[in-house]
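Student: Structure file start-v4.cif (mmCIF, C-alpha atoms) is given on the next line.
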```cif
data_work
loop_
_atom_site.label_atom_id
_atom_site.label_comp_id
_atom_site.auth_asym_id
_atom_site.auth_seq_id
_atom_site.Cartn_x
_atom_site.Cartn_y
_atom_site.Cartn_z
CA MET A 1 118.33 105.57 79.92
CA GLN A 2 118.34 101.92 80.88
CA ASN A 3 115.32 100.46 82.65
CA LYS A 4 116.42 98.81 85.91
CA GLU A 5 114.19 96.70 88.08
CA LEU A 6 114.74 95.29 91.53
CA LEU A 7 113.45 91.76 91.79
CA VAL A 8 112.49 90.24 95.12
CA ALA A 9 111.84 86.54 95.34
CA ALA A 10 108.20 85.54 95.39
CA ILE A 11 106.98 83.50 98.34
CA LYS A 12 105.21 80.19 97.87
CA ASN A 13 102.89 80.46 100.86
CA GLY A 14 102.52 83.21 103.42
CA THR A 15 101.56 86.84 103.77
CA VAL A 16 102.73 90.08 102.21
CA ILE A 17 101.99 93.19 104.27
CA ASP A 18 101.81 96.08 101.81
CA HIS A 19 101.23 99.84 102.12
CA ILE A 20 102.96 100.19 105.49
CA PRO A 21 103.95 103.80 106.21
CA ALA A 22 107.71 103.79 105.44
CA SER A 23 108.56 105.24 108.87
CA LYS A 24 106.64 102.41 110.57
CA THR A 25 108.14 99.43 108.69
CA PHE A 26 110.58 98.31 111.38
CA GLU A 27 108.07 99.08 114.14
CA VAL A 28 105.73 96.58 112.43
CA VAL A 29 108.56 94.01 112.33
CA ASN A 30 109.07 94.37 116.10
CA LEU A 31 105.37 94.67 116.91
CA LEU A 32 104.56 91.36 115.20
CA GLY A 33 107.64 89.60 116.60
CA LEU A 34 108.90 88.77 113.12
CA THR A 35 112.55 88.66 114.23
CA ASP A 36 111.70 85.53 116.25
CA LEU A 37 110.40 83.60 113.22
CA LYS A 38 112.52 80.95 111.53
CA SER A 39 110.88 81.41 108.12
CA ALA A 40 112.15 83.70 105.36
CA ILE A 41 111.27 87.38 105.72
CA THR A 42 111.85 90.10 103.14
CA ILE A 43 111.63 93.72 104.26
CA GLY A 44 111.45 96.66 101.90
CA CYS A 45 111.46 100.22 103.17
CA ASN A 46 111.13 103.61 101.46
CA LEU A 47 109.79 102.01 98.28
CA HIS A 48 108.06 104.25 95.74
CA SER A 49 104.26 104.20 95.87
CA GLU A 50 101.89 106.06 93.56
CA LYS A 51 99.30 106.24 96.38
CA VAL A 52 101.37 107.35 99.37
CA GLY A 53 104.74 108.39 97.96
CA SER A 54 106.90 106.12 100.12
CA LYS A 55 105.92 102.81 101.69
CA GLY A 56 107.17 99.70 103.38
CA ILE A 57 106.45 96.10 102.47
CA ILE A 58 107.09 92.89 104.41
CA LYS A 59 106.92 89.38 102.93
CA VAL A 60 106.68 86.53 105.43
CA GLU A 61 106.98 82.94 104.20
CA ASP A 62 104.64 80.36 105.81
CA LYS A 63 102.98 82.88 108.16
CA PHE A 64 99.29 83.79 108.29
CA PHE A 65 98.44 86.41 110.89
CA THR A 66 95.84 86.00 113.63
CA ASP A 67 93.06 88.51 114.27
CA GLU A 68 94.95 89.71 117.37
CA GLU A 69 98.11 90.32 115.32
CA ILE A 70 96.10 92.18 112.68
CA SER A 71 94.54 94.34 115.43
CA ARG A 72 98.07 95.20 116.65
CA LEU A 73 99.10 96.02 113.10
CA SER A 74 96.06 98.27 112.61
CA VAL A 75 97.26 100.64 115.35
CA VAL A 76 100.53 101.52 113.57
CA ALA A 77 99.60 100.80 109.93
CA PRO A 78 95.83 101.34 109.58
CA ASN A 79 95.96 101.49 105.77
CA ALA A 80 98.05 98.37 105.28
CA VAL A 81 96.83 95.55 103.08
CA LEU A 82 97.49 91.86 103.71
CA ASN A 83 98.03 89.76 100.59
CA ILE A 84 97.51 86.09 101.37
CA ILE A 85 99.71 83.94 99.15
CA THR A 86 99.09 80.27 98.34
CA ASP A 87 101.22 78.40 95.80
CA TYR A 88 102.79 81.70 94.57
CA THR A 89 99.35 83.24 93.90
CA VAL A 90 97.54 86.02 95.75
CA VAL A 91 94.35 84.29 96.87
CA GLU A 92 93.02 87.10 99.06
CA LYS A 93 93.63 90.80 99.69
CA LYS A 94 92.56 91.89 103.15
CA PRO A 95 92.59 95.53 104.20
CA VAL A 96 93.64 96.01 107.80
CA ILE A 97 90.60 97.14 109.76
CA MET A 98 90.81 98.89 113.09
CA PRO A 99 88.52 97.16 115.58
CA ALA A 100 86.19 99.35 117.65
CA THR A 101 87.71 97.93 120.85
CA LEU A 102 91.35 97.05 121.43
CA ARG A 103 92.08 94.70 124.34
CA GLY A 104 95.59 94.35 125.73
CA ILE A 105 97.16 96.16 122.79
CA VAL A 106 97.37 99.88 123.60
CA HIS A 107 99.30 101.26 126.59
CA CYS A 108 97.50 103.86 128.72
CA PRO A 109 99.71 106.92 129.25
CA ASN A 110 97.93 107.84 132.52
CA PRO A 111 100.19 106.54 135.34
CA LYS A 112 97.23 106.67 137.76
CA CYS A 113 94.98 104.51 135.58
CA ILE A 114 93.93 101.25 137.20
CA CYS A 115 95.24 99.27 134.22
CA ASN A 116 98.77 100.52 135.04
CA ASN A 117 98.48 99.64 138.73
CA GLU A 118 96.59 96.35 138.76
CA PRO A 119 97.23 93.13 136.83
CA MET A 120 94.56 93.69 134.20
CA GLN A 121 94.21 94.00 130.46
CA THR A 122 93.95 97.45 128.91
CA ILE A 123 90.81 98.27 126.96
CA PHE A 124 90.71 101.14 124.49
CA HIS A 125 87.86 102.28 122.27
CA TYR A 126 88.73 103.61 118.83
CA ASN A 127 87.03 106.74 117.52
CA GLY A 128 87.41 106.66 113.74
CA LYS A 129 86.06 110.17 113.20
CA ASN A 130 88.94 111.89 114.97
CA HIS A 131 91.40 108.94 115.00
CA THR A 132 91.75 108.75 118.76
CA PHE A 133 91.83 105.96 121.30
CA GLN A 134 90.07 106.33 124.66
CA CYS A 135 90.89 104.30 127.75
CA HIS A 136 87.88 102.37 129.00
CA TYR A 137 88.85 102.90 132.65
CA CYS A 138 90.10 106.50 132.97
CA ASN A 139 88.84 108.04 129.70
CA THR A 140 92.32 109.27 128.75
CA GLU A 141 92.48 109.96 125.02
CA VAL A 142 95.50 109.44 122.82
CA THR A 143 95.82 110.27 119.15
CA ALA A 144 96.77 107.79 116.46
CA ASP A 145 100.11 109.63 116.11
CA THR A 146 101.06 109.31 119.78
CA VAL A 147 99.54 105.96 120.74
CA LYS A 148 101.94 103.37 122.18
CA VAL A 149 101.42 99.69 121.51
CA LYS A 150 102.18 97.32 124.37
CA PRO A 151 105.12 94.97 123.74
#
```
Take the structure I supplied and represent it as structure tokens, if you would.
Tutor:
Amino acid sequence: MQNKELLVAAIKNGTVIDHIPASKTFEVVNLLGLTDLKSAITIGCNLHSEKVGSKGIIKVEDKFFTDEEISRLSVVAPNAVLNIITDYTVVEKKPVIMPATLRGIVHCPNPKCICNNEPMQTIFHYNGKNHTFQCHYCNTEVTADTVKVKP
């Protein structure tokens, strides 16, 4: 049997988002607005992973994500890892960490909640023990599987 390898071009400077759940890869692309960037982007989906079976990976040339973008990412890919690349070398590996409080990121599913009826930012508190998000205003809880991220 012949050994075959798929080679993807390395990036000189930028960020590689690794260990994205395969089913969430394109959601991450949309969530972070990557289709609007002018720099090179490489997207891999359903790649083999020893740890999780199947994963997604996104390489973004000349892009370093803000804390707010990383918070958005944490909602849909909480186990992702950011590899910061400088001059073709990984200079830092940053696990995505879910903040205790998410502001303006999560949509409240309660149509009667004040944040859906007044021009105000949503605030959700993350409970890591049971992986739920609770609205600061109406106490509605949503699970990590059903949470909706605001566009």
Student: Taking into account all atoms listed in the file, which residue in the set A:Lys150, A:Lys63, A:His131, A:Lys24 is nearest to His107 of chain A?
Tutor: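 So, comparing all the options, the nearest one is A:Lys150.
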Student: I'd like the neighbourhood of Met120 of chain A as a list in words, where a residue qualifies if any of its atoms comes within 12 Å (using only C-alpha atoms), though same-chain residues fewer than 2 positions away should be ignored.
Tutor: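 The residues that qualify are Arg103, Gly104, Ile105, His107, Cys108, Cys113, Ile114, Cys115, Asn116, Asn117, Glu118, Thr122, Ile123 and Tyr137 of chain A.
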Student: Smallest atom-to-atom distance to Gly33 of chain A: which of A:Ile20, A:Val91, A:Glu69, A:Gly14, using all atoms listed in the file?
Tutor: A:Glu69
Student: Please work out which residues fall within 10 Å of (108.0, 91.3, 111.9), coordinates as given in the file, with all atoms listed in the file counting, and return them as a list in words.
Tutor: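 Final list of nearby residues, as requested, is Ile17, Thr25, Phe26, Glu27, Val28, Val29, Asn30, Leu31, Leu32, Gly33, Leu34, Thr35, Asp36, Leu37, Ile41, Thr42, Ile43, Ile58, Lys59 and Val60 of chain A.
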Student: With C-alpha atoms retained, export the selected residues as a short mmCIF file (atom, residue, chain, number, x, y, z; two decimals), in the frame of the given file.
Tutor:
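Saved to part-v1.cif:
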```cif
data_model
loop_
_atom_site.label_atom_id
_atom_site.label_comp_id
_atom_site.auth_asym_id
_atom_site.auth_seq_id
_atom_site.Cartn_x
_atom_site.Cartn_y
_atom_site.Cartn_z
CA ILE A 17 101.99 93.19 104.27
CA THR A 25 108.14 99.43 108.69
CA PHE A 26 110.58 98.31 111.38
CA GLU A 27 108.07 99.08 114.14
CA VAL A 28 105.73 96.58 112.43
CA VAL A 29 108.56 94.01 112.33
CA ASN A 30 109.07 94.37 116.10
CA LEU A 31 105.37 94.67 116.91
CA LEU A 32 104.56 91.36 115.20
CA GLY A 33 107.64 89.60 116.60
CA LEU A 34 108.90 88.77 113.12
CA THR A 35 112.55 88.66 114.23
CA ASP A 36 111.70 85.53 116.25
CA LEU A 37 110.40 83.60 113.22
CA ILE A 41 111.27 87.38 105.72
CA THR A 42 111.85 90.10 103.14
CA ILE A 43 111.63 93.72 104.26
CA ILE A 58 107.09 92.89 104.41
CA LYS A 59 106.92 89.38 102.93
CA VAL A 60 106.68 86.53 105.43
#
```
Student: Choose the residue, out of A:Lys12, A:Lys94, A:His48, A:His136, that has the smallest atom-to-atom separation from Pro78 of chain A; count only C-alpha atoms.
Tutor: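 That would be A:Lys94, the residue with the smallest distance to Pro78 of chain A.
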